[in-house]
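Quick look at data10.pdb (PDB, C-alpha atoms and all ligand atoms):
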MODEL        1
ATOM      1  CA  MET A   8     -12.146  43.410  16.628
ATOM      2  CA  LYS A   9     -12.473  39.657  16.248
ATOM      3  CA  GLY A  10      -9.479  37.404  15.630
ATOM      4  CA  LYS A  11      -9.022  34.961  12.776
ATOM      5  CA  PHE A  12      -8.839  31.168  12.658
ATOM      6  CA  TYR A  13      -5.946  29.633  10.706
ATOM      7  CA  GLY A  14      -5.683  25.998   9.584
ATOM      8  CA  ILE A  15      -2.032  25.495   8.812
ATOM      9  CA  GLY A  16      -0.466  22.578   6.950
ATOM     10  CA  VAL A  17       3.053  21.919   8.236
ATOM     11  CA  GLY A  18       4.035  19.226   5.721
ATOM     12  CA  PRO A  19       5.020  15.600   6.312
ATOM     13  CA  GLY A  20       7.911  15.972   8.748
ATOM     14  CA  ASP A  21      10.946  17.789   7.392
ATOM     15  CA  PRO A  22      10.791  21.315   8.901
ATOM     16  CA  GLU A  23      12.153  22.645   5.590
ATOM     17  CA  LEU A  24       8.937  21.460   3.908
ATOM     18  CA  ILE A  25       6.865  24.076   5.753
ATOM     19  CA  THR A  26       5.854  27.056   3.621
ATOM     20  CA  LEU A  27       6.886  30.621   4.477
ATOM     21  CA  LYS A  28       3.185  31.463   4.757
ATOM     22  CA  ALA A  29       2.677  28.705   7.329
ATOM     23  CA  ILE A  30       5.637  29.928   9.396
ATOM     24  CA  SER A  31       4.373  33.495   9.321
ATOM     25  CA  ALA A  32       0.872  32.402  10.475
ATOM     26  CA  ILE A  33       2.319  30.251  13.295
ATOM     27  CA  GLU A  34       4.469  33.180  14.440
ATOM     28  CA  LYS A  35       1.454  35.537  14.437
ATOM     29  CA  ALA A  36      -0.762  33.216  16.484
ATOM     30  CA  ASP A  37      -1.945  34.357  19.909
ATOM     31  CA  VAL A  38      -3.366  30.899  20.594
ATOM     32  CA  LEU A  39      -2.091  27.562  19.321
ATOM     33  CA  ILE A  40      -4.515  24.642  19.387
ATOM     34  CA  CYS A  41      -2.630  21.470  20.326
ATOM     35  CA  PRO A  42      -4.898  18.629  19.123
ATOM     36  CA  ASP A  43      -4.625  15.198  20.688
ATOM     37  CA  ALA A  44      -6.602  11.979  20.357
ATOM     38  CA  GLY A  45      -7.063  11.603  24.099
ATOM     39  CA  ASN A  46      -4.469   8.800  24.167
ATOM     40  CA  GLY A  47      -1.645  10.803  25.745
ATOM     41  CA  LYS A  48       0.368  10.935  22.500
ATOM     42  CA  LYS A  49       1.814  14.262  21.395
ATOM     43  CA  SER A  50       0.658  15.562  17.999
ATOM     44  CA  ILE A  51       3.257  15.030  15.260
ATOM     45  CA  ALA A  52       2.117  18.261  13.591
ATOM     46  CA  LEU A  53       3.020  20.091  16.781
ATOM     47  CA  GLU A  54       6.474  18.479  16.860
ATOM     48  CA  ILE A  55       7.067  19.735  13.297
ATOM     49  CA  GLY A  56       5.742  23.267  13.824
ATOM     50  CA  GLU A  57       6.957  23.801  17.397
ATOM     51  CA  ALA A  58      10.194  25.557  16.412
ATOM     52  CA  TYR A  59       8.177  28.490  15.060
ATOM     53  CA  VAL A  60       5.828  28.986  18.037
ATOM     54  CA  LYS A  61       6.604  32.082  20.110
ATOM     55  CA  ASP A  62       6.972  31.722  23.895
ATOM     56  CA  SER A  63       4.143  34.238  24.338
ATOM     57  CA  THR A  64       1.673  32.081  22.341
ATOM     58  CA  GLU A  65      -0.914  30.427  24.552
ATOM     59  CA  ARG A  66      -0.987  26.651  23.966
ATOM     60  CA  VAL A  67      -4.407  25.089  24.333
ATOM     61  CA  PRO A  68      -4.748  21.296  24.404
ATOM     62  CA  MET A  69      -7.862  20.063  22.590
ATOM     63  CA  THR A  70      -9.024  16.464  22.401
ATOM     64  CA  PHE A  71     -10.474  15.009  19.201
ATOM     65  CA  PRO A  72     -11.341  11.392  20.040
ATOM     66  CA  MET A  73     -10.457   8.748  17.418
ATOM     67  CA  VAL A  74     -13.840   7.002  17.437
ATOM     68  CA  TYR A  75     -16.458   6.174  14.811
ATOM     69  CA  ASP A  76     -19.526   7.159  16.877
ATOM     70  CA  GLU A  77     -20.953  10.126  14.924
ATOM     71  CA  HIS A  78     -22.708  11.540  17.977
ATOM     72  CA  VAL A  79     -19.486  11.570  20.040
ATOM     73  CA  LEU A  80     -17.553  13.085  17.124
ATOM     74  CA  ASN A  81     -20.105  15.822  16.416
ATOM     75  CA  LYS A  82     -20.256  16.731  20.093
ATOM     76  CA  SER A  83     -16.463  17.026  20.341
ATOM     77  CA  TRP A  84     -16.232  19.161  17.154
ATOM     78  CA  GLU A  85     -19.000  21.441  18.369
ATOM     79  CA  ASP A  86     -17.560  21.811  21.904
ATOM     80  CA  ASN A  87     -14.095  22.517  20.490
ATOM     81  CA  ALA A  88     -15.535  25.062  18.035
ATOM     82  CA  VAL A  89     -17.223  26.887  20.942
ATOM     83  CA  GLN A  90     -13.870  27.086  22.753
ATOM     84  CA  ILE A  91     -12.161  28.441  19.615
ATOM     85  CA  GLU A  92     -14.948  30.992  19.131
ATOM     86  CA  THR A  93     -14.327  32.329  22.655
ATOM     87  CA  PHE A  94     -10.686  33.130  21.776
ATOM     88  CA  ILE A  95     -11.701  34.647  18.429
ATOM     89  CA  ASN A  96     -14.247  36.912  20.163
ATOM     90  CA  GLN A  97     -11.444  38.100  22.462
ATOM     91  CA  GLY A  98      -9.643  39.361  19.323
ATOM     92  CA  LYS A  99      -7.086  36.533  19.309
ATOM     93  CA  ASN A 100      -5.671  34.846  16.218
ATOM     94  CA  VAL A 101      -5.987  31.097  16.653
ATOM     95  CA  ALA A 102      -3.763  28.603  14.806
ATOM     96  CA  PHE A 103      -4.595  24.935  14.255
ATOM     97  CA  ILE A 104      -1.597  23.144  12.813
ATOM     98  CA  THR A 105      -2.068  19.987  10.886
ATOM     99  CA  LEU A 106       0.206  17.289   9.419
ATOM    100  CA  GLY A 107       0.717  17.486   5.657
ATOM    101  CA  ASP A 108      -2.090  19.411   3.978
ATOM    102  CA  PRO A 109      -5.238  20.495   5.884
ATOM    103  CA  GLY A 110      -7.433  19.283   3.011
ATOM    104  CA  VAL A 111      -6.340  15.643   3.298
ATOM    105  CA  TYR A 112      -7.934  13.697   6.172
ATOM    106  CA  SER A 113      -7.350  16.481   8.683
ATOM    107  CA  THR A 114      -9.341  17.074  11.883
ATOM    108  CA  PHE A 115      -9.197  20.799  11.130
ATOM    109  CA  MET A 116     -11.750  20.436   8.320
ATOM    110  CA  TYR A 117     -14.305  18.803  10.608
ATOM    111  CA  ILE A 118     -14.582  21.910  12.774
ATOM    112  CA  VAL A 119     -14.557  24.414   9.897
ATOM    113  CA  PRO A 120     -18.341  24.147   9.219
ATOM    114  CA  PHE A 121     -19.127  24.942  12.870
ATOM    115  CA  LEU A 122     -16.961  28.078  12.687
ATOM    116  CA  VAL A 123     -18.313  29.153   9.285
ATOM    117  CA  GLU A 124     -21.784  29.005  10.824
ATOM    118  CA  LYS A 125     -20.636  31.418  13.529
ATOM    119  CA  GLY A 126     -19.367  33.891  10.894
ATOM    120  CA  ILE A 127     -15.705  33.478  11.911
ATOM    121  CA  GLU A 128     -13.021  34.466   9.392
ATOM    122  CA  ILE A 129     -10.972  31.429   8.398
ATOM    123  CA  GLU A 130      -7.792  31.033   6.397
ATOM    124  CA  THR A 131      -6.526  27.618   5.296
ATOM    125  CA  ILE A 132      -2.834  27.446   4.441
ATOM    126  CA  PRO A 133      -1.927  24.455   2.282
ATOM    127  CA  GLY A 134       0.915  22.101   3.071
ATOM    128  CA  VAL A 135       3.001  19.450   1.312
ATOM    129  CA  THR A 136       1.055  16.185   1.476
ATOM    130  CA  SER A 137       2.677  12.960   2.628
ATOM    131  CA  PHE A 138       2.075  11.391  -0.802
ATOM    132  CA  SER A 139       3.770  14.314  -2.612
ATOM    133  CA  ALA A 140       6.749  13.776  -0.321
ATOM    134  CA  VAL A 141       6.756  10.010  -1.043
ATOM    135  CA  ALA A 142       6.707  10.582  -4.821
ATOM    136  CA  SER A 143       9.414  13.254  -4.588
ATOM    137  CA  THR A 144      11.630  11.082  -2.412
ATOM    138  CA  MET A 145      11.556   8.408  -5.128
ATOM    139  CA  ASN A 146      11.843  11.000  -7.958
ATOM    140  CA  LEU A 147       8.591   9.552  -9.256
ATOM    141  CA  PRO A 148       5.635  11.282 -10.914
ATOM    142  CA  ILE A 149       2.262  10.797  -9.246
ATOM    143  CA  CYS A 150       0.741  10.951 -12.731
ATOM    144  CA  LEU A 151       1.774  11.783 -16.294
ATOM    145  CA  TRP A 152      -0.075  12.576 -19.538
ATOM    146  CA  GLU A 153      -3.679  11.362 -19.281
ATOM    147  CA  GLU A 154      -3.015   9.029 -16.359
ATOM    148  CA  THR A 155      -5.400   9.026 -13.422
ATOM    149  CA  PHE A 156      -4.700   8.720  -9.728
ATOM    150  CA  THR A 157      -6.823   7.815  -6.749
ATOM    151  CA  VAL A 158      -6.279   8.259  -3.028
ATOM    152  CA  VAL A 159      -7.542   5.431  -0.839
ATOM    153  CA  PRO A 160      -7.567   5.467   2.969
ATOM    154  CA  LEU A 161      -7.108   1.761   3.644
ATOM    155  CA  GLN A 162      -9.776   0.013   5.652
ATOM    156  CA  LYS A 163      -9.937  -3.506   7.070
ATOM    157  CA  ASP A 164     -12.078  -4.432   4.090
ATOM    158  CA  VAL A 165      -9.831  -3.688   1.092
ATOM    159  CA  THR A 166     -12.696  -3.307  -1.423
ATOM    160  CA  SER A 167     -11.966   0.409  -2.058
ATOM    161  CA  ALA A 168      -8.320  -0.419  -2.770
ATOM    162  CA  ARG A 169      -9.377  -3.226  -5.130
ATOM    163  CA  ILE A 170     -11.713  -0.900  -7.075
ATOM    164  CA  ALA A 171      -9.000   1.781  -7.307
ATOM    165  CA  LEU A 172      -6.339  -0.703  -8.439
ATOM    166  CA  GLU A 173      -8.665  -2.039 -11.134
ATOM    167  CA  ASN A 174      -9.684   1.390 -12.450
ATOM    168  CA  THR A 175      -6.860   3.907 -12.048
ATOM    169  CA  ASP A 176      -3.262   4.092 -13.273
ATOM    170  CA  ASN A 177      -1.757   5.270 -10.003
ATOM    171  CA  VAL A 178      -3.095   4.544  -6.535
ATOM    172  CA  ILE A 179      -2.046   6.232  -3.339
ATOM    173  CA  ILE A 180      -2.805   4.179  -0.262
ATOM    174  CA  MET A 181      -2.891   6.033   3.024
ATOM    175  CA  LYS A 182      -3.199   4.458   6.483
ATOM    176  CA  PRO A 183      -1.884   1.099   5.127
ATOM    177  CA  SER A 184      -1.312  -0.195   8.661
ATOM    178  CA  HIS A 185      -5.101  -0.801   8.910
ATOM    179  CA  ALA A 186      -4.799  -3.904   6.677
ATOM    180  CA  ASN A 187      -1.266  -4.250   5.277
ATOM    181  CA  LYS A 188      -1.394  -8.062   5.047
ATOM    182  CA  GLU A 189      -4.670  -8.014   3.087
ATOM    183  CA  LEU A 190      -3.319  -5.247   0.838
ATOM    184  CA  ALA A 191      -0.134  -7.236   0.125
ATOM    185  CA  GLU A 192      -2.264 -10.244  -0.843
ATOM    186  CA  LEU A 193      -4.329  -8.029  -3.165
ATOM    187  CA  LEU A 194      -1.173  -6.652  -4.823
ATOM    188  CA  ILE A 195       0.105 -10.204  -5.373
ATOM    189  CA  GLU A 196      -3.263 -11.270  -6.808
ATOM    190  CA  LYS A 197      -3.202  -8.323  -9.246
ATOM    191  CA  GLY A 198       0.441  -8.855 -10.264
ATOM    192  CA  LEU A 199       1.371  -5.500  -8.719
ATOM    193  CA  ASP A 200       3.688  -6.805  -6.014
ATOM    194  CA  ASP A 201       6.768  -5.231  -7.656
ATOM    195  CA  LYS A 202       4.954  -2.032  -8.654
ATOM    196  CA  PHE A 203       4.626  -0.342  -5.296
ATOM    197  CA  VAL A 204       6.691   1.676  -2.886
ATOM    198  CA  MET A 205       5.873   2.304   0.755
ATOM    199  CA  ILE A 206       7.611   4.997   2.753
ATOM    200  CA  SER A 207       7.183   5.284   6.493
ATOM    201  CA  LYS A 208       7.889   8.604   8.235
ATOM    202  CA  VAL A 209       8.809  10.197   4.928
ATOM    203  CA  SER A 210      11.153  13.202   5.075
ATOM    204  CA  THR A 211      12.141  12.550   8.693
ATOM    205  CA  ASP A 212      15.349  11.039  10.067
ATOM    206  CA  ARG A 213      13.383   7.805  10.698
ATOM    207  CA  GLN A 214      12.285   7.464   7.063
ATOM    208  CA  ASN A 215      12.073   3.852   5.822
ATOM    209  CA  ILE A 216      11.585   2.822   2.178
ATOM    210  CA  VAL A 217      10.004  -0.581   1.476
ATOM    211  CA  ARG A 218       9.823  -2.301  -1.943
ATOM    212  CA  ASP A 219       9.656  -5.901  -0.675
ATOM    213  CA  ILE A 220       6.121  -7.327  -0.701
ATOM    214  CA  ASN A 221       7.018  -9.749   2.113
ATOM    215  CA  VAL A 222       7.753  -6.838   4.428
ATOM    216  CA  LEU A 223       4.339  -5.335   3.611
ATOM    217  CA  LYS A 224       2.702  -8.740   4.139
ATOM    218  CA  ASP A 225       4.435  -9.991   7.268
ATOM    219  CA  GLU A 226       5.799  -7.080   9.260
ATOM    220  CA  LYS A 227       4.185  -4.438  11.426
ATOM    221  CA  VAL A 228       3.677  -1.294   9.368
ATOM    222  CA  PRO A 229       3.838   2.097  11.158
ATOM    223  CA  TYR A 230       0.682   4.244  10.978
ATOM    224  CA  MET A 231       2.761   7.023   9.394
ATOM    225  CA  SER A 232       3.261   5.154   6.116
ATOM    226  CA  THR A 233       2.061   5.890   2.604
ATOM    227  CA  ILE A 234       2.121   3.652  -0.460
ATOM    228  CA  ILE A 235       2.148   4.532  -4.131
ATOM    229  CA  VAL A 236       1.187   1.798  -6.588
ATOM    230  CA  LYS A 237       1.884   2.457 -10.278
ATOM    231  CA  ARG A 238       0.251   0.001 -12.654
ATOM    232  CA  LYS A 239       2.824   0.826 -15.343
ATOM    233  CA  GLY A 240       5.615   0.064 -12.875
ATOM    234  CA  ILE A 241       8.054   1.945 -10.694
TER     235      ILE A 241
HETATM  236  C1  LIG B 301      -4.753  11.567   9.215
HETATM  237  S1  LIG B 301      -3.865  11.296   7.726
HETATM  238  C2  LIG B 301      -3.081  12.843   7.530
HETATM  239  C3  LIG B 301      -2.727  13.150   6.093
HETATM  240  C4  LIG B 301      -2.050  14.492   5.914
HETATM  241  N1  LIG B 301      -2.994  15.564   6.151
HETATM  242  C5  LIG B 301      -1.419  14.668   4.543
HETATM  243  O1  LIG B 301      -1.670  15.685   3.866
HETATM  244  O2  LIG B 301      -0.622  13.813   4.135
HETATM  245  C6  LIG B 301      -2.571  10.240   8.319
HETATM  246  C7  LIG B 301      -1.954   9.443   7.192
HETATM  247  O3  LIG B 301      -1.108  10.313   6.436
HETATM  248  C8  LIG B 301       0.023   9.611   5.957
HETATM  249  N2  LIG B 301       1.237  10.275   6.493
HETATM  250  C9  LIG B 301       1.272  11.394   7.219
HETATM  251  N3  LIG B 301       2.549  11.752   7.483
HETATM  252  C10 LIG B 301       3.330  10.822   6.896
HETATM  253  C11 LIG B 301       4.730  10.627   6.801
HETATM  254  N4  LIG B 301       5.599  11.497   7.356
HETATM  255  N5  LIG B 301       5.197   9.557   6.111
HETATM  256  C12 LIG B 301       4.353   8.704   5.508
HETATM  257  N6  LIG B 301       3.017   8.833   5.572
HETATM  258  C13 LIG B 301       2.496   9.871   6.253
HETATM  259  C14 LIG B 301      -0.129   8.165   6.436
HETATM  260  O4  LIG B 301      -0.757   7.429   5.400
HETATM  261  C15 LIG B 301      -1.022   8.322   7.642
HETATM  262  O5  LIG B 301      -1.704   7.115   7.921
ENDMDL
END
Translate this structure into structure tokens?
Ligand SMILES: C[S@@+](CC[C@H](N)C(=O)[O-])C[C@H]1O[C@@H](n2cnc3c(N)ncnc32)[C@H](O)[C@@H]1O
Amino acid sequence: MKGKFYGIGVGPGDPELITLKAISAIEKADVLICPDAGNGKKSIALEIGEAYVKDSTERVPMTFPMVYDEHVLNKSWEDNAVQIETFINQGKNVAFITLGDPGVYSTFMYIVPFLVEKGIEIETIPGVTSFSAVASTMNLPICLWEETFTVVPLQKDVTSARIALENTDNVIIMKPSHANKELAELLIEKGLDDKFVMISKVSTDRQNIVRDINVLKDEKVPYMSTIIVKRKGI
């Protein structure tokens, strides 16, 4: 009998923000995929989920390069999918743990189509997103009544953030470290410089809450930071 492939969201950092379903799937895994970006850094998702991994679970490092070359990316997803398929065909349950929720900018979802094509059974287990944790930490709603919200992964060119800020009530900005100075200038231009909150490493013991626009503009922002901007104010 073939095994099953699990994509498991482990939440934003606090081990108590992992679901019971995620824990049970991690405990059942015969093989745990340990994704890395090929830069020698340990996966944060693994740090969060590690406490639940049995000693008998085989840990398999797997590199997903952080590059924009589509050919290189496709090749790495396909090669990694072939490796996963081998374990599945041996009857092993394979777990791929991912930070936050697997549906939000997660590497897991890039390999899913390759495995669907091979007829492999897949189960995705949702997790608490980083932006849910940011809103909860501040006791803030993400949206109320008929309000809209947009999620923007910040890029060097802040056009997507500008469009979102002009057209939606609440804007979640992920990956703000890509252009935090430019974003701060945009917030000042739009009169939103006191209507944002940024939390770095939310729900961990290194959590840092920023409301000061000068910090966003002038200081180095950690990659693990998320911003919520509320046009009606915070
Ligand atoms: C590759 S995405 C992963 C998103 C994740 N799947 C989720 O559901 O939140 C990485 C981005 O998620 C956000 N992020 C992840 N963990 C975070 C944390 N503990 N605190 C603040 N932001 C976090 C940051 O915006 C970071 O740049």
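Near Asp86 of chain A, within a cut-off of 10 Å and counting all atoms listed in the file, sit the residues A:Met69, A:Leu80, A:Asn81, A:Lys82, A:Gln90, A:Ile91, A:Glu92, A:Ile118, A:Phe121, with same-chain residues fewer than 4 positions away left out.
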Using all atoms listed in the file, which protein or nucleic acid residues are at most 9 Å from ligand LIG 301 (chain B), as a PyMOL selection string? chain A and resi 16-21+51-52+105-114+133-141+160-161+179-185+205-211+214-215+229-234
**OP:** Determine the nearest neighbour of Val123 of chain A from the options A:Val60, A:Asn100, A:Phe12, A:Ile25, counting only C-alpha atoms.
**Re:**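 Among the listed residues, A:Phe12 lies closest to Val123 of chain A.
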- [ ] To verify the selection step, state as a list of chain:residue names which residues the PyMOL selection byres (((chain A and resi 94) around 10) and not hetatm) yields on this input.
- [x]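 Applying the PyMOL selection byres (((chain A and resi 94) around 10) and not hetatm) to the structure shown produces A:Lys9, A:Gly10, A:Lys11, A:Phe12, A:Asp37, A:Val38, A:Val89, A:Gln90, A:Ile91, A:Glu92, A:Thr93, A:Ile95, A:Asn96, A:Gln97, A:Gly98, A:Lys99, A:Asn100, A:Val101.
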Go ahead and save the residues from that selection, with C-alpha atoms, as a short mmCIF file (atom, residue, chain, number, x, y, z; two decimals), in the frame of the given file.
data_model
loop_
_atom_site.label_atom_id
_atom_site.label_comp_id
_atom_site.auth_asym_id
_atom_site.auth_seq_id
_atom_site.Cartn_x
_atom_site.Cartn_y
_atom_site.Cartn_z
CA LYS A 9 -12.47 39.66 16.25
CA GLY A 10 -9.48 37.40 15.63
CA LYS A 11 -9.02 34.96 12.78
CA PHE A 12 -8.84 31.17 12.66
CA ASP A 37 -1.94 34.36 19.91
CA VAL A 38 -3.37 30.90 20.59
CA VAL A 89 -17.22 26.89 20.94
CA GLN A 90 -13.87 27.09 22.75
CA ILE A 91 -12.16 28.44 19.61
CA GLU A 92 -14.95 30.99 19.13
CA THR A 93 -14.33 32.33 22.66
CA ILE A 95 -11.70 34.65 18.43
CA ASN A 96 -14.25 36.91 20.16
CA GLN A 97 -11.44 38.10 22.46
CA GLY A 98 -9.64 39.36 19.32
CA LYS A 99 -7.09 36.53 19.31
CA ASN A 100 -5.67 34.85 16.22
CA VAL A 101 -5.99 31.10 16.65
#
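Put simply, atom CA of Glu77 of chain A is 27.2 Å away from atom CA of Ile132 of chain A.
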Which value, in Å to one decimal, gives the distance between atom CA of Thr131 of chain A and atom CA of Gly14 of chain A?
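So the answer is 4.7 Å.
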Worksheet entry | Output check: residues returned by the PyMOL selection byres (((chain A and resi 71) around 6) and not hetatm), as a list in words |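 Output of the PyMOL selection byres (((chain A and resi 71) around 6) and not hetatm): Ala44, Thr70 and Pro72 of chain A.
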Skip Asp176 of chain A itself and residues of its chain fewer than 3 positions away, then list as a compact mmCIF listing (two decimals) with C-alpha atoms, in the frame of the given file all residues within 8 Å of it, counting only C-alpha atoms.
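The resulting result_5.txt:
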# COMPACT_ATOMS: atom_id res chain seq x y z
CA CYS A 150 0.74 10.95 -12.73
CA GLU A 154 -3.02 9.03 -16.36
CA THR A 155 -5.40 9.03 -13.42
CA PHE A 156 -4.70 8.72 -9.73
CA LEU A 172 -6.34 -0.70 -8.44
CA LYS A 237 1.88 2.46 -10.28
CA ARG A 238 0.25 0.00 -12.65
CA LYS A 239 2.82 0.83 -15.34
Atom CA of Val165 of chain A sits from atom CA of Leu194 of chain A at a separation of 10.9 Å
* Point (7.4, 5.3, -3.6), cut-off 9 Å, counting all atoms listed in the file, residues as a VMD selection string -> chain A and resid 138 141 to 147 203 to 206 216 to 218 233 to 236 241
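Candidate residues A:Ser63, A:Asn87, A:Asn187, A:Ser50 were compared for distance to Asp225 of chain A, and the nearest is A:Asn187, using all atoms listed in the file.
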The PyMOL selection byres (((chain A and resi 167) around 12) and not hetatm) - which residues does that actually catch in the file I just gave you? List them as an mmCIF file with C-alpha atoms, keeping the file's coordinate frame.
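Produced file part_14.cif, reproduced below:
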data_model
loop_
_atom_site.group_PDB
_atom_site.id
_atom_site.type_symbol
_atom_site.label_atom_id
_atom_site.label_comp_id
_atom_site.auth_asym_id
_atom_site.auth_seq_id
_atom_site.Cartn_x
_atom_site.Cartn_y
_atom_site.Cartn_z
ATOM 1 C CA THR A 157 -6.823 7.815 -6.749
ATOM 2 C CA VAL A 158 -6.279 8.259 -3.028
ATOM 3 C CA VAL A 159 -7.542 5.431 -0.839
ATOM 4 C CA PRO A 160 -7.567 5.467 2.969
ATOM 5 C CA LEU A 161 -7.108 1.761 3.644
ATOM 6 C CA GLN A 162 -9.776 0.013 5.652
ATOM 7 C CA LYS A 163 -9.937 -3.506 7.070
ATOM 8 C CA ASP A 164 -12.078 -4.432 4.090
ATOM 9 C CA VAL A 165 -9.831 -3.688 1.092
ATOM 10 C CA THR A 166 -12.696 -3.307 -1.423
ATOM 11 C CA ALA A 168 -8.320 -0.419 -2.770
ATOM 12 C CA ARG A 169 -9.377 -3.226 -5.130
ATOM 13 C CA ILE A 170 -11.713 -0.900 -7.075
ATOM 14 C CA ALA A 171 -9.000 1.781 -7.307
ATOM 15 C CA LEU A 172 -6.339 -0.703 -8.439
ATOM 16 C CA GLU A 173 -8.665 -2.039 -11.134
ATOM 17 C CA ASN A 174 -9.684 1.390 -12.450
ATOM 18 C CA THR A 175 -6.860 3.907 -12.048
ATOM 19 C CA VAL A 178 -3.095 4.544 -6.535
ATOM 20 C CA ILE A 179 -2.046 6.232 -3.339
ATOM 21 C CA ILE A 180 -2.805 4.179 -0.262
ATOM 22 C CA MET A 181 -2.891 6.033 3.024
ATOM 23 C CA LEU A 190 -3.319 -5.247 0.838
ATOM 24 C CA LEU A 193 -4.329 -8.029 -3.165
#
What would segment 222-237 of chain A look like with N, CA and C atoms restored, written as a tab-separated table (two decimals), in the frame of the given file?
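Heads up, here's the output in part29.tsv:
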chain	number	residue	atom	x	y	z
A	222	VAL	N	7.73	-7.75	3.28
A	222	VAL	CA	7.75	-6.84	4.43
A	222	VAL	C	6.34	-6.28	4.63
A	223	LEU	N	5.71	-5.87	3.52
A	223	LEU	CA	4.34	-5.34	3.61
A	223	LEU	C	3.38	-6.41	4.15
A	224	LYS	N	3.62	-7.66	3.76
A	224	LYS	CA	2.70	-8.74	4.14
A	224	LYS	C	2.91	-9.19	5.59
A	225	ASP	N	4.16	-9.29	6.00
A	225	ASP	CA	4.43	-9.99	7.27
A	225	ASP	C	4.87	-9.11	8.43
A	226	GLU	N	5.27	-7.87	8.14
A	226	GLU	CA	5.80	-7.08	9.26
A	226	GLU	C	4.80	-6.02	9.71
A	227	LYS	N	5.07	-5.49	10.91
A	227	LYS	CA	4.18	-4.44	11.43
A	227	LYS	C	4.51	-3.13	10.69
A	228	VAL	N	3.48	-2.52	10.15
A	228	VAL	CA	3.68	-1.29	9.37
A	228	VAL	C	3.31	-0.09	10.25
A	229	PRO	N	4.19	0.92	10.34
A	229	PRO	CA	3.84	2.10	11.16
A	229	PRO	C	2.64	2.85	10.57
A	230	TYR	N	1.85	3.45	11.44
A	230	TYR	CA	0.68	4.24	10.98
A	230	TYR	C	1.12	5.34	10.00
A	231	MET	N	2.27	5.94	10.26
A	231	MET	CA	2.76	7.02	9.39
A	231	MET	C	3.47	6.44	8.16
A	232	SER	N	2.71	5.75	7.34
A	232	SER	CA	3.26	5.15	6.12
A	232	SER	C	2.30	5.46	4.98
A	233	THR	N	2.87	5.64	3.80
A	233	THR	CA	2.06	5.89	2.60
A	233	THR	C	2.64	5.05	1.46
A	234	ILE	N	1.72	4.52	0.66
A	234	ILE	CA	2.12	3.65	-0.46
A	234	ILE	C	1.70	4.30	-1.77
A	235	ILE	N	2.57	4.19	-2.77
A	235	ILE	CA	2.15	4.53	-4.13
A	235	ILE	C	2.26	3.26	-4.97
A	236	VAL	N	1.17	2.93	-5.67
A	236	VAL	CA	1.19	1.80	-6.59
A	236	VAL	C	1.05	2.38	-7.99
A	237	LYS	N	1.95	1.97	-8.90
A	237	LYS	CA	1.88	2.46	-10.28
A	237	LYS	C	1.70	1.25	-11.19
